[in-house]
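Here is the file model-v3.txt (compact mmCIF, C-alpha atoms).
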# COMPACT_ATOMS: atom_id res chain seq x y z
CA MET A 1 286.78 76.96 15.55
CA PRO A 2 284.29 77.45 18.35
CA ARG A 3 284.84 75.95 21.79
CA ILE A 4 281.94 73.65 22.66
CA LEU A 5 281.18 72.44 26.18
CA HIS A 6 278.90 69.39 26.45
CA ILE A 7 277.28 68.91 29.87
CA ILE A 8 275.83 65.47 30.64
CA ASP A 9 274.50 63.87 33.81
CA SER A 10 276.85 60.89 33.65
CA LEU A 11 279.22 59.06 31.35
CA GLY A 12 277.59 55.73 32.11
CA ARG A 13 277.14 53.10 29.41
CA THR A 14 273.94 54.64 28.07
CA GLY A 15 272.69 55.54 24.62
CA THR A 16 272.95 59.23 25.44
CA ALA A 17 276.56 59.02 26.63
CA ASN A 18 277.49 56.90 23.59
CA GLN A 19 275.89 59.48 21.28
CA LEU A 20 277.93 62.17 23.04
CA LEU A 21 281.11 60.13 22.52
CA LEU A 22 280.38 59.70 18.80
CA LEU A 23 279.53 63.37 18.38
CA THR A 24 282.58 64.67 20.23
CA ARG A 25 284.85 62.37 18.21
CA GLY A 26 283.39 63.73 14.99
CA LEU A 27 283.55 67.36 16.13
CA LYS A 28 287.16 66.94 17.22
CA ARG A 29 288.04 65.42 13.83
CA GLU A 30 286.48 68.48 12.20
CA GLY A 31 288.74 70.76 14.28
CA PHE A 32 286.32 71.93 16.99
CA ASP A 33 287.63 72.59 20.50
CA VAL A 34 285.40 70.07 22.31
CA HIS A 35 285.07 69.64 26.10
CA VAL A 36 282.81 67.40 28.18
CA CYS A 37 281.56 67.94 31.72
CA ALA A 38 279.92 65.04 33.60
CA LEU A 39 277.82 66.08 36.57
CA ASN A 40 278.11 62.89 38.61
CA GLN A 41 281.04 60.58 39.23
CA ARG A 42 279.62 57.52 37.46
CA ALA A 43 281.83 57.56 34.36
CA PRO A 44 282.67 54.13 32.90
CA LEU A 45 283.07 55.73 29.44
CA LEU A 46 285.77 58.11 30.71
CA PRO A 47 288.66 56.00 29.32
CA GLU A 48 287.12 56.13 25.82
CA PHE A 49 287.01 59.94 25.92
CA ALA A 50 290.61 59.94 27.20
CA THR A 51 291.73 57.67 24.35
CA ASP A 52 290.43 60.28 21.90
CA GLU A 53 292.03 63.08 23.95
CA ILE A 54 288.66 64.72 24.62
CA PRO A 55 288.98 66.72 27.86
CA VAL A 56 286.46 65.63 30.49
CA THR A 57 285.75 67.36 33.80
CA VAL A 58 283.78 65.42 36.43
CA ILE A 59 281.88 67.72 38.81
CA GLY A 60 280.93 65.07 41.39
CA ARG A 61 277.31 66.05 42.04
CA ARG A 62 276.07 64.32 45.19
CA TRP A 63 272.31 64.98 45.08
CA ALA A 64 269.72 66.01 42.51
CA LEU A 65 269.97 69.59 43.79
CA ASP A 66 273.54 70.19 44.90
CA PRO A 67 274.61 73.84 45.46
CA LEU A 68 278.29 72.85 45.55
CA ALA A 69 278.00 71.15 42.14
CA ASP A 70 276.19 74.24 40.85
CA TRP A 71 279.09 76.42 42.02
CA LYS A 72 281.72 74.06 40.56
CA LEU A 73 279.94 74.04 37.21
CA ARG A 74 279.74 77.85 37.14
CA GLN A 75 283.46 78.05 37.90
CA HIS A 76 284.23 75.56 35.15
CA VAL A 77 282.15 77.45 32.56
CA ALA A 78 283.78 80.75 33.61
CA ARG A 79 287.28 79.23 33.27
CA LEU A 80 286.60 77.48 29.97
CA GLN A 81 284.74 80.38 28.29
CA PRO A 82 282.89 78.18 25.76
CA ASP A 83 281.19 79.63 22.71
CA ILE A 84 278.45 77.00 22.90
CA VAL A 85 277.10 75.03 25.87
CA HIS A 86 275.18 71.91 24.85
CA THR A 87 273.38 70.08 27.65
CA TRP A 88 272.21 66.49 27.39
CA ASP A 89 268.83 65.59 28.92
CA THR A 90 266.94 66.96 31.86
CA VAL A 91 269.39 67.20 34.76
CA ALA A 92 272.12 68.75 32.63
CA GLY A 93 269.38 70.85 31.03
CA MET A 94 268.74 72.38 34.44
CA PHE A 95 272.36 72.81 35.48
CA GLY A 96 273.64 74.17 32.16
CA PRO A 97 271.47 77.29 32.06
CA ILE A 98 272.25 77.94 35.73
CA ALA A 99 275.96 77.92 34.87
CA VAL A 100 275.67 80.28 31.90
CA ARG A 101 272.96 82.66 33.11
CA SER A 102 275.19 85.52 34.24
CA GLY A 103 277.50 87.83 32.33
CA ALA A 104 278.41 87.40 28.69
CA ARG A 105 276.90 84.01 28.15
CA PRO A 106 277.63 81.54 25.40
CA SER A 107 275.01 80.22 23.04
CA SER A 108 273.14 77.54 24.96
CA ARG A 109 271.59 74.35 23.53
CA ALA A 110 269.63 71.84 25.58
CA GLY A 111 269.24 68.32 24.23
CA HIS A 112 266.38 65.93 24.98
CA SER A 113 266.53 62.31 23.88
CA ALA A 114 263.70 60.49 25.66
CA VAL A 115 260.20 60.74 27.06
CA ARG A 116 260.49 60.35 30.82
CA PRO A 117 257.06 59.74 32.36
CA TYR A 118 258.71 58.97 35.72
CA GLN A 119 260.41 62.39 35.81
CA PRO A 120 259.57 64.26 39.04
CA VAL A 121 257.32 67.31 38.63
CA TRP A 122 259.98 69.53 40.23
CA ASP A 123 262.41 68.64 37.38
CA SER A 124 260.03 70.17 34.85
CA PHE A 125 259.43 73.18 37.07
CA VAL A 126 263.16 73.91 37.45
CA GLU A 127 263.89 73.26 33.77
CA LYS A 128 261.04 75.56 32.71
CA ARG A 129 262.32 78.27 35.05
CA PHE A 130 265.77 78.26 33.44
CA ALA A 131 264.50 77.71 29.87
CA LYS A 132 264.73 81.46 29.19
CA HIS A 133 268.53 81.04 29.27
CA VAL A 134 268.45 78.39 26.53
CA ASP A 135 268.69 79.57 22.93
CA CYS A 136 267.52 76.31 21.38
CA PHE A 137 266.15 72.97 22.57
CA VAL A 138 267.12 69.97 20.46
CA ALA A 139 264.99 66.82 20.51
CA ASN A 140 265.87 63.57 18.76
CA SER A 141 262.30 63.00 17.57
CA PRO A 142 258.95 64.81 17.21
CA VAL A 143 257.56 62.59 20.00
CA VAL A 144 260.21 63.81 22.45
CA ARG A 145 259.69 67.43 21.35
CA ASP A 146 255.92 67.14 21.85
CA TRP A 147 256.39 65.59 25.30
CA CYS A 148 258.74 68.42 26.34
CA VAL A 149 256.27 71.01 25.04
CA SER A 150 253.48 69.30 27.02
CA ARG A 151 255.68 69.81 30.12
CA GLY A 152 255.79 73.58 29.53
CA LEU A 153 258.76 74.25 27.21
CA ARG A 154 258.11 76.57 24.25
CA ALA A 155 257.59 74.77 20.92
CA GLU A 156 259.18 77.57 18.86
CA LYS A 157 262.51 77.03 20.64
CA PHE A 158 262.72 73.39 19.45
CA ALA A 159 264.66 71.80 16.61
CA VAL A 160 264.34 68.08 15.89
CA ILE A 161 267.59 66.35 14.90
CA PRO A 162 267.42 62.55 14.61
CA PRO A 163 270.33 60.68 16.25
CA GLY A 164 273.32 59.77 14.12
CA VAL A 165 274.30 56.17 13.71
CA ALA A 166 277.89 54.98 13.74
CA PRO A 167 278.90 52.94 10.69
CA ALA A 168 278.88 49.20 11.28
CA PRO A 169 282.31 47.57 11.51
CA VAL A 170 283.43 45.77 8.38
CA SER A 171 282.89 42.03 8.58
CA ASP A 172 283.93 39.17 6.34
CA VAL A 173 280.80 37.23 7.37
CA SER A 174 277.93 37.56 4.89
CA ARG A 175 274.46 38.73 5.85
CA GLN A 176 273.05 35.29 5.00
CA GLU A 177 275.57 33.56 7.29
CA LEU A 178 274.68 35.91 10.15
CA LEU A 179 270.95 35.35 9.64
CA ARG A 180 271.47 31.60 9.56
CA GLU A 181 273.47 31.81 12.80
CA LEU A 182 270.80 33.89 14.51
Rewrite the structure of this file - the entire thing - as structure tokens.
Amino acid sequence: MPRILHIIDSLGRTGTANQLLLLTRGLKREGFDVHVCALNQRAPLLPEFATDEIPVTVIGRRWALDPLADWKLRQHVARLQPDIVHTWDTVAGMFGPIAVRSGARPSSRAGHSAVRPYQPVWDSFVEKRFAKHVDCFVANSPVVRDWCVSRGLRAEKFAVIPPGVAPAPVSDVSRQELLREL
């Protein structure tokens, strides 16, 4: 099975990090060799990845543009030799292509999950500059894809894949009882 490296800004308690956790659990169950790399040290979800024995490397990025973190990420990618690099959102979307741009590079996917009107202009500039190293951009909705395209990314490189939803835990309380309680 292919080795997949997921690069994410942080493993904070966010929707994006939770989606990554669900996806990596499923991929691991299917026999994929799954690895996660968090760019900054904020990682409250780290124990949950450890429970599932999903290897996580924390780079420890200090600033938005951190040459040392860039170097550490390149070294990690070179050591790991992934077949696929999947980045999650803008910051990882900038760092991922930087890490895989030289030599025999893996297939690179960049994921986008939200419209970010507050995103600094330089983020879009840097991401657009390294977009040539990305094989496919994945958005979780047409709205997010269209926003990314309006920021200068090429529409033909996009695929839209709606987010998966984890099954609800089984409960012995009926729907009517829950509605009454609410």
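The interatomic distance for the pair atom CA of Asn140 of chain A and atom CA of Cys37 of chain A works out to 20.8 Å.
Closest to Lys28 of chain A among A:Glu53, A:Asp172, A:Asp146, A:Asp9 is A:Glu53, based on only C-alpha atoms.
For the pair atom CA of His76 of chain A and atom CA of Asn40 of chain A, the interatomic distance is 14.5 Å.
Atom pair atom CA of Ser150 of chain A / atom CA of Thr16 of chain A has a distance of 22.0 Å (rounded to one decimal).
The nearest approach to His35 of chain A among the residues A:Asn18, A:His86, A:Leu5, A:Pro47, with only C-alpha atoms taken into account, belongs to A:Leu5.
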Answer as number ranges by chain, residues within 10 Å of (291.4, 66.2, 25.3) using all atoms listed in the file: A: 28, 33-36, 49-56
Would you export the selected residues with C-alpha atoms as a tab-separated table (two decimals), in the coordinates of the input, please?
chain	number	residue	atom	x	y	z
A	28	LYS	CA	287.16	66.94	17.22
A	33	ASP	CA	287.63	72.59	20.50
A	34	VAL	CA	285.40	70.07	22.31
A	35	HIS	CA	285.07	69.64	26.10
A	36	VAL	CA	282.81	67.40	28.18
A	49	PHE	CA	287.01	59.94	25.92
A	50	ALA	CA	290.61	59.94	27.20
A	51	THR	CA	291.73	57.67	24.35
A	52	ASP	CA	290.43	60.28	21.90
A	53	GLU	CA	292.03	63.08	23.95
A	54	ILE	CA	288.66	64.72	24.62
A	55	PRO	CA	288.98	66.72	27.86
A	56	VAL	CA	286.46	65.63	30.49
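In terms of minimum interatomic distance to Arg29 of chain A, A:Met1 ranks closest within A:Ala17, A:Met1, A:Leu46, A:Ala78, counting only C-alpha atoms.
The point (283.9, 78.6, 20.5) has these residues within 10 Å of it when all atoms listed in the file are used: Met1, Pro2, Arg3, Ile4, Leu5, Phe32, Asp33, Val34, Leu80, Gln81, Pro82, Asp83, Ile84, Val85, Pro106 and Ser107 of chain A.
Minimum distance to Arg145 of chain A across A:Val170, A:Ala38, A:Ala131, A:Ile161 (counting all atoms listed in the file) occurs at A:Ile161.
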Among the residues A:Arg62, A:His6, A:Arg42, A:Arg13, the one that comes closest to Asp89 of chain A [using all atoms listed in the file]: A:His6
All file atoms of segment 34-50 of chain A boxed axis-aligned, 5 Å per side, centre plus edges, as AutoDock Vina command-line options:
--center_x 284.2 --center_y 62.1 --center_z 30.8 --size_x 22.8 --size_y 25.9 --size_z 26.9
Spatial neighbours of Gly152 of chain A, max dist 9 Å, all atoms listed in the file, sep filter under 3 positions, as a PyMOL selection string: chain A and resi 124-125+128+148-149+155
